[in-house]
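Remarks on the structure that follows.
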Amino acid sequence: MKRKICVITGTRAEYGLLSNLMKRIQEDEIFELQLVVTGMHLASEFGLTYKEIEKDGFVINEKIEMLLSSDSSSGVVKSVGLATISFADVFQRLNPNLLIILGDRFEMLAAAQSALIMQIPIAHIHGGECTFGAYDDAIRHSITKMATWHFTSTEGHRKRVIQLGENPERVWNIGALGIENIVNIPLLSKEELYNDLHLNNEKDMFLITYHPETNGELLNINPLLNVLKKYDVNLVFTKANADNGGRKINDIIQRFANNHENAFLFDSLGQLRYLSAAKHACVVIGNSSSALIEVPYLKTPSVNIGNRQAGREKPNSVFNSNMEENNIILAINDALSFEGKYEEIFGNGNTSYNIFKILKEIDNYSIQKGFYDL
């Protein structure tokens, strides 16, 4: 009898990271892939990205509508509650042998706590990382304690998972999933990308993604926009996540784009176009984890603004700034003049194969575990 492996995805970025692993599971003789899609994938304002999943040849077993129109903190809490109720029904129908969860978003908290109580084992990817500027940090560590197997992106992150009481025999440093996409996906040429996005071929490009800092007050992003309009380049924005205040950020950026002919806001670029844009950009700006993990492998410098990614390991091509105009300008100029060797600290691109191989070698999927004392 095949072992049923259930994968959850709620965002465009997350799916891009998981897709290679999903393909390996789908094509294997001893596994049956179960796919549950939720969150931003099902929202029209974020581009209905579940269609990209279906276009890639995956069968979606269940869709969980859980996002409310509100992006207030109470609205997010209610979304988590709605998702938890829905996951209970979905897991009862699918009855998976193992649940694969990546990362730290509130959709994944709902999935993890439902699976824990229903005694469904969890394999967690990208645990042990720190992002002090977002409540994702606490969610990530909470999922670690609910999971039985752990796949981390660096040795430092592996040690931190063990510090949380997880048995070293069940924690593997396998690198970051996103690096595999960079190694294996033929990216668009600059000409192809510019034509596809309808950009000005005579101008360079900045790629910008800014998400809310959910541990604290929502920062005013106008200083960033004031700085960006000083540069005569294509300004390519991707939308903020559906976190507290995300819609407010998107509304401000949309108004900015409406008044600046060189600014463009996209619901979702998708994996191919996003990575291609990151490759051909002069600099990637904002506070997305991709700017710290994947972008250095594309030989593009990054400017990391604010505290959302505070605590995360950063390569030398990432320049930090707060949300003050002068500091942002200094960081952008430092990035544009970067001539050092790009550090590649998140593995060599064999991540999905390594996870897949380990999952096949595990004899018994179980929630049973103890607490490992250092």
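Letters A, B, ... mark the chains of the structure tokens in the order given; residue numbers begin at 1 per chain; ligand numbers begin at 1, in order shown.
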Worksheet item: Hey, what's within 8 Å of Asn307 of chain A if we count only C-alpha atoms and toss same-chain stuff fewer than 5 positions away? As a list in words, please?
Response: Thr131, Phe132, Gly133, Ala134, Glu213 and Asn322 of chain A
Please dump the current selection as a PDB file, in the first residue's frame; keep N, CA, C and O atoms.
```pdb
ATOM      1  N   THR A 131      13.435  35.190  12.619  1.00  0.00           N
ATOM      2  CA  THR A 131      12.991  36.433  11.980  1.00  0.00           C
ATOM      3  C   THR A 131      12.288  37.245  13.058  1.00  0.00           C
ATOM      4  O   THR A 131      11.076  37.159  13.211  1.00  0.00           O
ATOM      5  N   PHE A 132      13.047  38.028  13.785  1.00  0.00           N
ATOM      6  CA  PHE A 132      12.536  38.681  14.983  1.00  0.00           C
ATOM      7  C   PHE A 132      11.462  39.727  14.693  1.00  0.00           C
ATOM      8  O   PHE A 132      10.708  40.101  15.584  1.00  0.00           O
ATOM      9  N   GLY A 133      11.394  40.205  13.463  1.00  0.00           N
ATOM     10  CA  GLY A 133      10.437  41.263  13.143  1.00  0.00           C
ATOM     11  C   GLY A 133       9.062  40.774  12.749  1.00  0.00           C
ATOM     12  O   GLY A 133       8.221  41.566  12.339  1.00  0.00           O
ATOM     13  N   ALA A 134       8.810  39.472  12.870  1.00  0.00           N
ATOM     14  CA  ALA A 134       7.507  38.934  12.485  1.00  0.00           C
ATOM     15  C   ALA A 134       7.099  37.828  13.451  1.00  0.00           C
ATOM     16  O   ALA A 134       7.946  37.102  13.975  1.00  0.00           O
ATOM     17  N   GLU A 213       5.832  44.090   8.977  1.00  0.00           N
ATOM     18  CA  GLU A 213       6.520  43.597  10.167  1.00  0.00           C
ATOM     19  C   GLU A 213       5.444  43.338  11.214  1.00  0.00           C
ATOM     20  O   GLU A 213       4.888  44.271  11.794  1.00  0.00           O
ATOM     21  N   ASN A 322      17.363  50.755   7.865  1.00  0.00           N
ATOM     22  CA  ASN A 322      16.066  51.011   8.478  1.00  0.00           C
ATOM     23  C   ASN A 322      15.199  51.769   7.471  1.00  0.00           C
ATOM     24  O   ASN A 322      15.584  51.920   6.307  1.00  0.00           O
TER      25      ASN A 322
END
```
Worksheet item: If you run DSSP on this backbone, which residues of segment 86-122 of chain A come out as strand (DSSP E or B), and could you give them as a PyMOL selection string?
Response: chain A and resi 98-102+122
May I have the selected residues written with N, CA, C and O atoms, as a JSON list (two decimals), in the first residue's frame?
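The result, written out as out-v7.json:
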```
[["chain", "number", "residue", "atom", "x", "y", "z"],
["A", 98, "LEU", "N", 1.70, 11.15, 6.30],
["A", 98, "LEU", "CA", 2.69, 12.16, 6.68],
["A", 98, "LEU", "C", 2.28, 13.50, 6.08],
["A", 98, "LEU", "O", 1.78, 13.56, 4.95],
["A", 99, "LEU", "N", 2.50, 14.56, 6.86],
["A", 99, "LEU", "CA", 2.22, 15.92, 6.41],
["A", 99, "LEU", "C", 3.54, 16.66, 6.25],
["A", 99, "LEU", "O", 4.39, 16.63, 7.13],
["A", 100, "ILE", "N", 3.74, 17.32, 5.10],
["A", 100, "ILE", "CA", 4.94, 18.13, 4.87],
["A", 100, "ILE", "C", 4.56, 19.60, 4.96],
["A", 100, "ILE", "O", 3.68, 20.08, 4.24],
["A", 101, "ILE", "N", 5.24, 20.30, 5.87],
["A", 101, "ILE", "CA", 4.99, 21.72, 6.09],
["A", 101, "ILE", "C", 6.31, 22.48, 5.90],
["A", 101, "ILE", "O", 7.33, 22.10, 6.46],
["A", 102, "LEU", "N", 6.24, 23.56, 5.14],
["A", 102, "LEU", "CA", 7.41, 24.42, 4.94],
["A", 102, "LEU", "C", 7.18, 25.72, 5.69],
["A", 102, "LEU", "O", 6.14, 26.37, 5.52],
["A", 122, "ILE", "N", 4.39, 14.96, 11.18],
["A", 122, "ILE", "CA", 4.77, 16.14, 10.40],
["A", 122, "ILE", "C", 6.27, 16.12, 10.11],
["A", 122, "ILE", "O", 7.08, 15.87, 11.00]]
```
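The closest residue to Gly81 of chain A, picked from A:Trp149, A:Leu269, A:Ala110, A:Lys63 and counting only C-alpha atoms, is A:Ala110.
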Worksheet item: Which is closest to Asp243 of chain A among A:Leu224, A:Leu68, A:Leu330, A:Ile358, if we use only C-alpha atoms?
Response: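 Of A:Leu224, A:Leu68, A:Leu330, A:Ile358, the one nearest Asp243 of chain A, counting only C-alpha atoms, is A:Leu68.
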What's around Thr351 of chain A at 7 Å? Count only C-alpha atoms, leave out sequence neighbours fewer than 3 positions away in its own chain, and write the answer as a short mmCIF file (atom, residue, chain, number, x, y, z; two decimals) with C-alpha atoms, in the first residue's frame.
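Everything below was put into result.cif:
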```cif
data_model
loop_
_atom_site.label_atom_id
_atom_site.label_comp_id
_atom_site.auth_asym_id
_atom_site.auth_seq_id
_atom_site.Cartn_x
_atom_site.Cartn_y
_atom_site.Cartn_z
CA ILE A 174 19.92 19.72 3.58
CA GLY A 175 20.18 23.33 2.35
CA ALA A 176 17.46 25.66 1.09
CA LEU A 177 14.87 24.44 -1.40
CA GLU A 180 17.53 23.98 -6.40
CA ASN A 354 17.91 14.75 -0.10
CA ILE A 355 14.52 15.21 1.57
#
```
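With only C-alpha atoms taken into account, the protein and nucleic acid residues at most 12 Å from Arg24 of chain A (excluding it and anything under 3 positions from it in its own chain) are Ile5, Leu18, Ser19, Asn20, Leu21, Glu27, Asp28, Glu29, Ile30, Phe31, Glu32, Leu33, Phe58, Thr351, Ser352, Tyr353, Asn354, Ile355, Phe356, Lys357, Leu359 and Lys360 of chain A.
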Worksheet item: Near Thr152 of chain A, within 8 Å and counting only C-alpha atoms, which residues show up once chain neighbours fewer than 2 positions away are dropped, as a list in words?
Response: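 Listed by chain and then number, they are Ile125, His126, Gly127, Gly128, His150, Thr154, Glu155, His157, Arg158, Val171, Trp172, Asn173, Ile174, Gly175 and Ala176 of chain A.
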Selection from above, all heavy atoms, as a compact mmCIF listing (two decimals), in the first residue's frame, can you write it?
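Okay, result.txt is ready:
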```
# COMPACT_ATOMS: atom_id res chain seq x y z
N ILE A 125 10.12 21.71 7.12
CA ILE A 125 11.23 22.23 6.32
C ILE A 125 11.49 23.69 6.69
O ILE A 125 10.56 24.47 6.85
CB ILE A 125 10.92 22.11 4.81
CG1 ILE A 125 10.59 20.67 4.43
CG2 ILE A 125 12.08 22.62 3.98
CD1 ILE A 125 10.10 20.50 3.01
N HIS A 126 12.75 24.05 6.80
CA HIS A 126 13.20 25.42 7.11
C HIS A 126 12.92 25.81 8.56
O HIS A 126 12.65 26.98 8.85
CB HIS A 126 12.57 26.44 6.15
CG HIS A 126 13.33 26.63 4.88
ND1 HIS A 126 14.44 27.44 4.78
CD2 HIS A 126 13.16 26.10 3.64
CE1 HIS A 126 14.91 27.39 3.54
NE2 HIS A 126 14.15 26.58 2.83
N GLY A 127 13.04 24.86 9.46
CA GLY A 127 12.97 25.19 10.88
C GLY A 127 14.30 25.74 11.38
O GLY A 127 15.31 25.74 10.68
N GLY A 128 14.29 26.24 12.61
CA GLY A 128 15.51 26.72 13.25
C GLY A 128 15.95 28.11 12.84
O GLY A 128 16.96 28.61 13.34
N HIS A 150 12.85 16.94 10.71
CA HIS A 150 13.21 18.33 10.46
C HIS A 150 14.29 18.44 9.39
O HIS A 150 15.31 17.75 9.47
CB HIS A 150 13.72 18.98 11.76
CG HIS A 150 12.81 18.75 12.93
ND1 HIS A 150 11.76 19.58 13.22
CD2 HIS A 150 12.80 17.77 13.86
CE1 HIS A 150 11.14 19.12 14.30
NE2 HIS A 150 11.75 18.02 14.70
N THR A 154 20.70 25.40 7.03
CA THR A 154 22.12 25.55 7.39
C THR A 154 22.41 24.72 8.63
O THR A 154 21.49 24.30 9.35
CB THR A 154 22.50 27.01 7.68
OG1 THR A 154 21.92 27.41 8.93
CG2 THR A 154 22.07 27.95 6.58
N GLU A 155 23.71 24.54 8.92
CA GLU A 155 24.09 23.79 10.12
C GLU A 155 23.72 24.57 11.38
O GLU A 155 23.33 23.98 12.39
CB GLU A 155 25.59 23.50 10.09
CG GLU A 155 26.07 22.60 11.21
CD GLU A 155 25.42 21.24 11.22
OE1 GLU A 155 24.98 20.76 10.14
OE2 GLU A 155 25.33 20.64 12.31
N HIS A 157 21.10 26.43 11.74
CA HIS A 157 19.66 26.20 11.96
C HIS A 157 19.41 24.80 12.50
O HIS A 157 18.50 24.60 13.33
CB HIS A 157 18.90 26.42 10.66
CG HIS A 157 19.02 27.81 10.12
ND1 HIS A 157 18.95 28.12 8.78
CD2 HIS A 157 19.23 28.99 10.76
CE1 HIS A 157 19.10 29.42 8.62
NE2 HIS A 157 19.27 29.97 9.79
N ARG A 158 20.18 23.84 12.04
CA ARG A 158 20.05 22.47 12.58
C ARG A 158 20.34 22.46 14.08
O ARG A 158 19.60 21.84 14.86
CB ARG A 158 21.00 21.53 11.84
CG ARG A 158 20.98 20.10 12.38
CD ARG A 158 21.91 19.18 11.59
NE ARG A 158 21.84 17.83 12.14
CZ ARG A 158 22.61 17.37 13.12
NH1 ARG A 158 23.56 18.17 13.64
NH2 ARG A 158 22.47 16.14 13.57
N VAL A 171 17.09 15.34 12.63
CA VAL A 171 17.29 16.70 12.11
C VAL A 171 18.41 16.68 11.09
O VAL A 171 19.54 16.29 11.41
CB VAL A 171 17.65 17.68 13.26
CG1 VAL A 171 17.65 19.12 12.73
CG2 VAL A 171 16.69 17.54 14.43
N TRP A 172 18.13 17.09 9.86
CA TRP A 172 19.10 17.06 8.77
C TRP A 172 19.31 18.45 8.20
O TRP A 172 18.34 19.17 7.92
CB TRP A 172 18.64 16.13 7.65
CG TRP A 172 18.54 14.69 8.04
CD1 TRP A 172 19.50 13.73 7.97
CD2 TRP A 172 17.36 14.02 8.55
NE1 TRP A 172 19.03 12.52 8.40
CE2 TRP A 172 17.71 12.66 8.77
CE3 TRP A 172 16.06 14.43 8.85
CZ2 TRP A 172 16.81 11.72 9.26
CZ3 TRP A 172 15.16 13.51 9.34
CH2 TRP A 172 15.54 12.17 9.56
N ASN A 173 20.56 18.85 7.99
CA ASN A 173 20.89 20.07 7.25
C ASN A 173 20.97 19.70 5.78
O ASN A 173 21.92 19.05 5.34
CB ASN A 173 22.21 20.64 7.75
CG ASN A 173 22.75 21.74 6.85
OD1 ASN A 173 22.00 22.39 6.12
ND2 ASN A 173 24.06 21.93 6.88
N ILE A 174 19.98 20.10 5.00
CA ILE A 174 19.92 19.72 3.58
C ILE A 174 19.96 20.93 2.65
O ILE A 174 19.81 20.78 1.44
CB ILE A 174 18.68 18.83 3.29
CG1 ILE A 174 17.42 19.34 3.98
CG2 ILE A 174 18.93 17.40 3.75
CD1 ILE A 174 16.81 20.53 3.41
N GLY A 175 20.15 22.14 3.20
CA GLY A 175 20.18 23.33 2.35
C GLY A 175 18.79 23.89 2.11
O GLY A 175 17.78 23.35 2.57
N ALA A 176 18.72 24.98 1.36
CA ALA A 176 17.46 25.66 1.09
C ALA A 176 16.86 25.17 -0.23
O ALA A 176 17.56 25.02 -1.23
CB ALA A 176 17.68 27.17 1.02
```
Which of segment 7-144 of chain A counts as helix (DSSP H, G or I) under DSSP, as an mmCIF file with N, CA and C atoms, in the first residue's frame please?
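Result written to result_21.cif:
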```cif
data_model
loop_
_atom_site.group_PDB
_atom_site.id
_atom_site.type_symbol
_atom_site.label_atom_id
_atom_site.label_comp_id
_atom_site.auth_asym_id
_atom_site.auth_seq_id
_atom_site.Cartn_x
_atom_site.Cartn_y
_atom_site.Cartn_z
ATOM 1 N N ARG A 12 2.416 31.790 -3.178
ATOM 2 C CA ARG A 12 3.124 31.619 -4.444
ATOM 3 C C ARG A 12 4.579 31.215 -4.206
ATOM 4 N N ALA A 13 5.239 31.887 -3.246
ATOM 5 C CA ALA A 13 6.651 31.618 -2.991
ATOM 6 C C ALA A 13 6.846 30.214 -2.438
ATOM 7 N N GLU A 14 5.984 29.827 -1.537
ATOM 8 C CA GLU A 14 6.071 28.513 -0.906
ATOM 9 C C GLU A 14 5.917 27.388 -1.929
ATOM 10 N N TYR A 15 4.947 27.538 -2.827
ATOM 11 C CA TYR A 15 4.754 26.525 -3.861
ATOM 12 C C TYR A 15 5.987 26.404 -4.740
ATOM 13 N N GLY A 16 6.587 27.542 -5.094
ATOM 14 C CA GLY A 16 7.795 27.504 -5.914
ATOM 15 C C GLY A 16 8.911 26.718 -5.259
ATOM 16 N N LEU A 17 8.993 26.804 -3.942
ATOM 17 C CA LEU A 17 10.018 26.070 -3.210
ATOM 18 C C LEU A 17 9.711 24.578 -3.145
ATOM 19 N N LEU A 18 8.446 24.226 -3.050
ATOM 20 C CA LEU A 18 8.042 22.838 -2.835
ATOM 21 C C LEU A 18 7.857 22.031 -4.121
ATOM 22 N N SER A 19 7.770 22.699 -5.256
ATOM 23 C CA SER A 19 7.329 22.028 -6.482
ATOM 24 C C SER A 19 8.223 20.859 -6.893
ATOM 25 N N ASN A 20 9.536 21.000 -6.765
ATOM 26 C CA ASN A 20 10.426 19.898 -7.151
ATOM 27 C C ASN A 20 10.244 18.685 -6.246
ATOM 28 N N LEU A 21 10.101 18.913 -4.959
ATOM 29 C CA LEU A 21 9.848 17.817 -4.031
ATOM 30 C C LEU A 21 8.511 17.157 -4.338
ATOM 31 N N MET A 22 7.508 17.954 -4.651
ATOM 32 C CA MET A 22 6.195 17.412 -5.002
ATOM 33 C C MET A 22 6.284 16.514 -6.226
ATOM 34 N N LYS A 23 7.071 16.926 -7.219
ATOM 35 C CA LYS A 23 7.223 16.108 -8.430
ATOM 36 C C LYS A 23 7.859 14.769 -8.110
ATOM 37 N N ARG A 24 8.874 14.778 -7.254
ATOM 38 C CA ARG A 24 9.531 13.517 -6.879
ATOM 39 C C ARG A 24 8.555 12.584 -6.169
ATOM 40 N N ILE A 25 7.758 13.134 -5.285
ATOM 41 C CA ILE A 25 6.776 12.313 -4.561
ATOM 42 C C ILE A 25 5.717 11.786 -5.519
ATOM 43 N N GLN A 26 5.248 12.650 -6.413
ATOM 44 C CA GLN A 26 4.195 12.262 -7.348
ATOM 45 C C GLN A 26 4.635 11.144 -8.278
ATOM 46 N N GLU A 27 5.894 11.135 -8.661
ATOM 47 C CA GLU A 27 6.395 10.164 -9.635
ATOM 48 C C GLU A 27 6.896 8.865 -9.013
ATOM 49 N N GLY A 39 -5.031 29.627 1.531
ATOM 50 C CA GLY A 39 -4.457 30.962 1.677
ATOM 51 C C GLY A 39 -4.508 31.817 0.425
ATOM 52 N N MET A 40 -3.387 32.463 0.133
ATOM 53 C CA MET A 40 -3.303 33.428 -0.954
ATOM 54 C C MET A 40 -3.525 32.805 -2.322
ATOM 55 N N HIS A 41 -3.289 31.506 -2.467
ATOM 56 C CA HIS A 41 -3.496 30.840 -3.756
ATOM 57 C C HIS A 41 -4.931 30.995 -4.258
ATOM 58 N N LEU A 42 -5.879 31.112 -3.334
ATOM 59 C CA LEU A 42 -7.290 31.106 -3.702
ATOM 60 C C LEU A 42 -7.908 32.499 -3.719
ATOM 61 N N SER A 44 -8.351 36.218 -5.347
ATOM 62 C CA SER A 44 -8.214 36.901 -6.642
ATOM 63 C C SER A 44 -7.244 38.072 -6.557
ATOM 64 N N GLU A 45 -7.182 38.752 -5.406
ATOM 65 C CA GLU A 45 -6.294 39.912 -5.277
ATOM 66 C C GLU A 45 -4.818 39.531 -5.328
ATOM 67 N N PHE A 46 -4.519 38.239 -5.124
ATOM 68 C CA PHE A 46 -3.139 37.759 -5.211
ATOM 69 C C PHE A 46 -2.909 36.898 -6.449
ATOM 70 N N TYR A 50 -3.438 29.300 -7.585
ATOM 71 C CA TYR A 50 -3.696 27.852 -7.655
ATOM 72 C C TYR A 50 -3.741 27.381 -9.111
ATOM 73 N N LYS A 51 -4.071 28.290 -10.015
ATOM 74 C CA LYS A 51 -4.128 27.932 -11.432
ATOM 75 C C LYS A 51 -2.736 27.579 -11.965
ATOM 76 N N GLU A 52 -1.707 28.236 -11.443
ATOM 77 C CA GLU A 52 -0.337 27.904 -11.841
ATOM 78 C C GLU A 52 0.012 26.484 -11.407
ATOM 79 N N ILE A 53 -0.479 26.090 -10.228
ATOM 80 C CA ILE A 53 -0.227 24.740 -9.720
ATOM 81 C C ILE A 53 -0.859 23.708 -10.634
ATOM 82 N N GLU A 54 -2.094 23.942 -11.022
ATOM 83 C CA GLU A 54 -2.787 23.021 -11.924
ATOM 84 C C GLU A 54 -2.129 23.010 -13.302
ATOM 85 N N LYS A 55 -1.678 24.171 -13.752
ATOM 86 C CA LYS A 55 -1.009 24.265 -15.051
ATOM 87 C C LYS A 55 0.274 23.443 -15.071
ATOM 88 N N SER A 73 -5.259 42.238 12.782
ATOM 89 C CA SER A 73 -4.794 41.116 13.592
ATOM 90 C C SER A 73 -5.942 40.194 13.968
ATOM 91 N N SER A 74 -7.101 40.762 14.288
ATOM 92 C CA SER A 74 -8.241 39.913 14.625
ATOM 93 C C SER A 74 -8.724 39.141 13.403
ATOM 94 N N GLY A 75 -8.628 39.767 12.221
ATOM 95 C CA GLY A 75 -9.011 39.068 10.995
ATOM 96 C C GLY A 75 -8.111 37.885 10.709
ATOM 97 N N VAL A 76 -6.796 38.048 10.952
ATOM 98 C CA VAL A 76 -5.856 36.944 10.741
ATOM 99 C C VAL A 76 -6.141 35.811 11.728
ATOM 100 N N VAL A 77 -6.420 36.172 13.006
ATOM 101 C CA VAL A 77 -6.742 35.147 14.003
ATOM 102 C C VAL A 77 -7.984 34.361 13.581
ATOM 103 N N LYS A 78 -8.989 35.059 13.089
ATOM 104 C CA LYS A 78 -10.207 34.373 12.639
ATOM 105 C C LYS A 78 -9.916 33.490 11.428
ATOM 106 N N SER A 79 -9.006 33.927 10.561
ATOM 107 C CA SER A 79 -8.619 33.104 9.414
ATOM 108 C C SER A 79 -7.955 31.812 9.878
ATOM 109 N N VAL A 80 -7.101 31.915 10.913
ATOM 110 C CA VAL A 80 -6.459 30.723 11.460
ATOM 111 C C VAL A 80 -7.507 29.771 12.025
ATOM 112 N N GLY A 81 -8.499 30.324 12.714
ATOM 113 C CA GLY A 81 -9.567 29.488 13.258
ATOM 114 C C GLY A 81 -10.355 28.793 12.171
ATOM 115 N N LEU A 82 -10.701 29.544 11.125
ATOM 116 C CA LEU A 82 -11.434 28.954 10.004
ATOM 117 C C LEU A 82 -10.625 27.860 9.333
ATOM 118 N N ALA A 83 -9.318 28.111 9.156
ATOM 119 C CA ALA A 83 -8.453 27.111 8.534
ATOM 120 C C ALA A 83 -8.352 25.862 9.398
ATOM 121 N N THR A 84 -8.257 26.029 10.712
ATOM 122 C CA THR A 84 -8.140 24.884 11.614
ATOM 123 C C THR A 84 -9.360 23.978 11.500
ATOM 124 N N ILE A 85 -10.537 24.570 11.491
ATOM 125 C CA ILE A 85 -11.767 23.790 11.328
ATOM 126 C C ILE A 85 -11.750 23.040 9.997
ATOM 127 N N SER A 86 -11.329 23.729 8.943
ATOM 128 C CA SER A 86 -11.322 23.121 7.609
ATOM 129 C C SER A 86 -10.290 22.008 7.503
ATOM 130 N N PHE A 87 -9.090 22.225 8.078
ATOM 131 C CA PHE A 87 -8.071 21.180 8.044
ATOM 132 C C PHE A 87 -8.530 19.915 8.753
ATOM 133 N N ALA A 88 -9.310 20.065 9.818
ATOM 134 C CA ALA A 88 -9.827 18.889 10.529
ATOM 135 C C ALA A 88 -10.655 18.018 9.585
ATOM 136 N N ASP A 89 -11.512 18.649 8.805
ATOM 137 C CA ASP A 89 -12.342 17.899 7.852
ATOM 138 C C ASP A 89 -11.501 17.305 6.733
ATOM 139 N N VAL A 90 -10.566 18.097 6.209
ATOM 140 C CA VAL A 90 -9.734 17.647 5.092
ATOM 141 C C VAL A 90 -8.865 16.463 5.503
ATOM 142 N N PHE A 91 -8.218 16.559 6.652
ATOM 143 C CA PHE A 91 -7.348 15.469 7.099
ATOM 144 C C PHE A 91 -8.146 14.197 7.385
ATOM 145 N N GLN A 92 -9.370 14.368 7.839
ATOM 146 C CA GLN A 92 -10.216 13.195 8.073
ATOM 147 C C GLN A 92 -10.538 12.500 6.754
ATOM 148 N N ARG A 93 -10.766 13.280 5.711
ATOM 149 C CA ARG A 93 -11.067 12.688 4.401
ATOM 150 C C ARG A 93 -9.814 12.064 3.772
ATOM 151 N N LEU A 94 -8.684 12.774 3.820
ATOM 152 C CA LEU A 94 -7.478 12.315 3.132
ATOM 153 C C LEU A 94 -6.730 11.238 3.918
ATOM 154 N N PHE A 106 0.928 31.645 9.097
ATOM 155 C CA PHE A 106 -0.180 31.289 9.981
ATOM 156 C C PHE A 106 -1.048 30.170 9.400
ATOM 157 N N GLU A 107 -1.072 30.020 8.071
ATOM 158 C CA GLU A 107 -1.777 28.869 7.489
ATOM 159 C C GLU A 107 -1.153 27.559 7.954
ATOM 160 N N MET A 108 0.172 27.558 8.063
ATOM 161 C CA MET A 108 0.884 26.350 8.467
ATOM 162 C C MET A 108 0.681 26.051 9.954
ATOM 163 N N LEU A 109 0.488 27.086 10.762
ATOM 164 C CA LEU A 109 0.164 26.868 12.172
ATOM 165 C C LEU A 109 -1.165 26.136 12.294
ATOM 166 N N ALA A 110 -2.152 26.560 11.508
ATOM 167 C CA ALA A 110 -3.452 25.890 11.531
ATOM 168 C C ALA A 110 -3.325 24.437 11.109
ATOM 169 N N ALA A 111 -2.544 24.182 10.051
ATOM 170 C CA ALA A 111 -2.367 22.810 9.566
ATOM 171 C C ALA A 111 -1.642 21.963 10.609
ATOM 172 N N ALA A 112 -0.590 22.522 11.222
ATOM 173 C CA ALA A 112 0.227 21.752 12.163
ATOM 174 C C ALA A 112 -0.551 21.387 13.415
ATOM 175 N N GLN A 113 -1.272 22.337 13.977
ATOM 176 C CA GLN A 113 -1.985 22.037 15.213
ATOM 177 C C GLN A 113 -3.124 21.056 14.957
ATOM 178 N N SER A 114 -3.736 21.116 13.783
ATOM 179 C CA SER A 114 -4.766 20.144 13.436
ATOM 180 C C SER A 114 -4.171 18.746 13.296
ATOM 181 N N ALA A 115 -3.027 18.668 12.598
ATOM 182 C CA ALA A 115 -2.370 17.374 12.403
ATOM 183 C C ALA A 115 -1.901 16.786 13.727
ATOM 184 N N LEU A 116 -1.366 17.625 14.616
ATOM 185 C CA LEU A 116 -0.885 17.133 15.907
ATOM 186 C C LEU A 116 -1.997 16.438 16.679
ATOM 187 N N ILE A 117 -3.137 17.092 16.782
ATOM 188 C CA ILE A 117 -4.237 16.539 17.562
ATOM 189 C C ILE A 117 -4.832 15.313 16.887
ATOM 190 N N ASP A 136 5.913 35.242 12.633
ATOM 191 C CA ASP A 136 6.293 33.987 11.978
ATOM 192 C C ASP A 136 7.397 33.272 12.756
ATOM 193 N N ASP A 137 8.234 34.039 13.434
ATOM 194 C CA ASP A 137 9.342 33.472 14.196
ATOM 195 C C ASP A 137 8.831 32.497 15.248
ATOM 196 N N ALA A 138 7.825 32.912 16.021
ATOM 197 C CA ALA A 138 7.246 32.046 17.053
ATOM 198 C C ALA A 138 6.481 30.882 16.432
ATOM 199 N N ILE A 139 5.806 31.144 15.302
ATOM 200 C CA ILE A 139 5.071 30.068 14.628
ATOM 201 C C ILE A 139 6.034 28.985 14.160
ATOM 202 N N ARG A 140 7.162 29.407 13.590
ATOM 203 C CA ARG A 140 8.150 28.449 13.083
ATOM 204 C C ARG A 140 8.636 27.516 14.195
ATOM 205 N N HIS A 141 8.997 28.100 15.345
ATOM 206 C CA HIS A 141 9.496 27.284 16.450
ATOM 207 C C HIS A 141 8.385 26.397 17.032
ATOM 208 N N SER A 142 7.148 26.890 17.009
ATOM 209 C CA SER A 142 6.025 26.083 17.486
ATOM 210 C C SER A 142 5.819 24.860 16.604
ATOM 211 N N ILE A 143 5.911 25.055 15.293
ATOM 212 C CA ILE A 143 5.761 23.924 14.371
ATOM 213 C C ILE A 143 6.886 22.918 14.585
ATOM 214 N N THR A 144 8.089 23.413 14.895
ATOM 215 C CA THR A 144 9.196 22.504 15.204
ATOM 216 C C THR A 144 8.811 21.541 16.325
#
```
Practice prompt. Please indicate the distance in Å from atom CA of Asn304 of chain A to atom CA of Asn320 of chain A, rounded to one decimal place.
Written response: 4.8 Å
Worksheet item: When you draw a straight line from atom CA of Lys4 of chain A to atom CA of Gln34 of chain A, how long is it in Å?
Response: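 According to the coordinates, atom CA of Lys4 of chain A and atom CA of Gln34 of chain A are separated by 6.7 Å.
The shortest atom-to-atom distance to Pro296 of chain A, with only C-alpha atoms taken into account, belongs to A:Tyr342 out of A:Tyr372, A:Tyr342, A:Tyr365, A:Tyr274.
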Fill in: d(atom CA of Ala43 of chain A, atom CA of Glu65 of chain A) in Å
8.5 Å
Worksheet item: Restricting the calculation to only C-alpha atoms, which member of A:Asn167, A:Ser321, A:Ser70, A:Ser276 is positioned closest to Lys299 of chain A?
Response: A:Ser276
Practice prompt. Pick out the residues sitting within 7 Å of Thr148 of chain A, and hand them over as a PyMOL selection string; count only C-alpha atoms, and ignore anything fewer than 2 positions along from it in its own chain.
Written response: chain A and resi 121-123+146+150+367+369
Take the residues from that selection and write them out as a compact mmCIF listing (two decimals), in the first residue's frame, keeping N, CA and C atoms.
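And here is the file that came out, out_27.txt:
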```
# COMPACT_ATOMS: atom_id res chain seq x y z
N PRO A 121 1.73 12.54 11.60
CA PRO A 121 3.14 12.97 11.72
C PRO A 121 3.46 14.11 10.76
N ILE A 122 4.39 14.96 11.18
CA ILE A 122 4.77 16.14 10.40
C ILE A 122 6.27 16.12 10.11
N ALA A 123 6.63 16.40 8.86
CA ALA A 123 8.01 16.70 8.47
C ALA A 123 8.07 18.20 8.19
N MET A 146 5.88 20.57 17.12
CA MET A 146 4.79 19.68 16.71
C MET A 146 5.24 18.66 15.67
N HIS A 150 12.85 16.94 10.71
CA HIS A 150 13.21 18.33 10.46
C HIS A 150 14.29 18.44 9.39
N ILE A 367 4.19 10.06 15.34
CA ILE A 367 4.31 11.30 16.09
C ILE A 367 5.10 11.09 17.38
N LYS A 369 7.84 10.90 20.00
CA LYS A 369 9.21 11.41 20.17
C LYS A 369 9.36 11.86 21.62
```
Fill in: For Ala281 of chain A, the nearest of the candidates A:Lys203, A:Lys230, A:His211, A:Lys239, counting only C-alpha atoms
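Looking only at the distances to Ala281 of chain A, the closest residue turns out to be A:Lys203.
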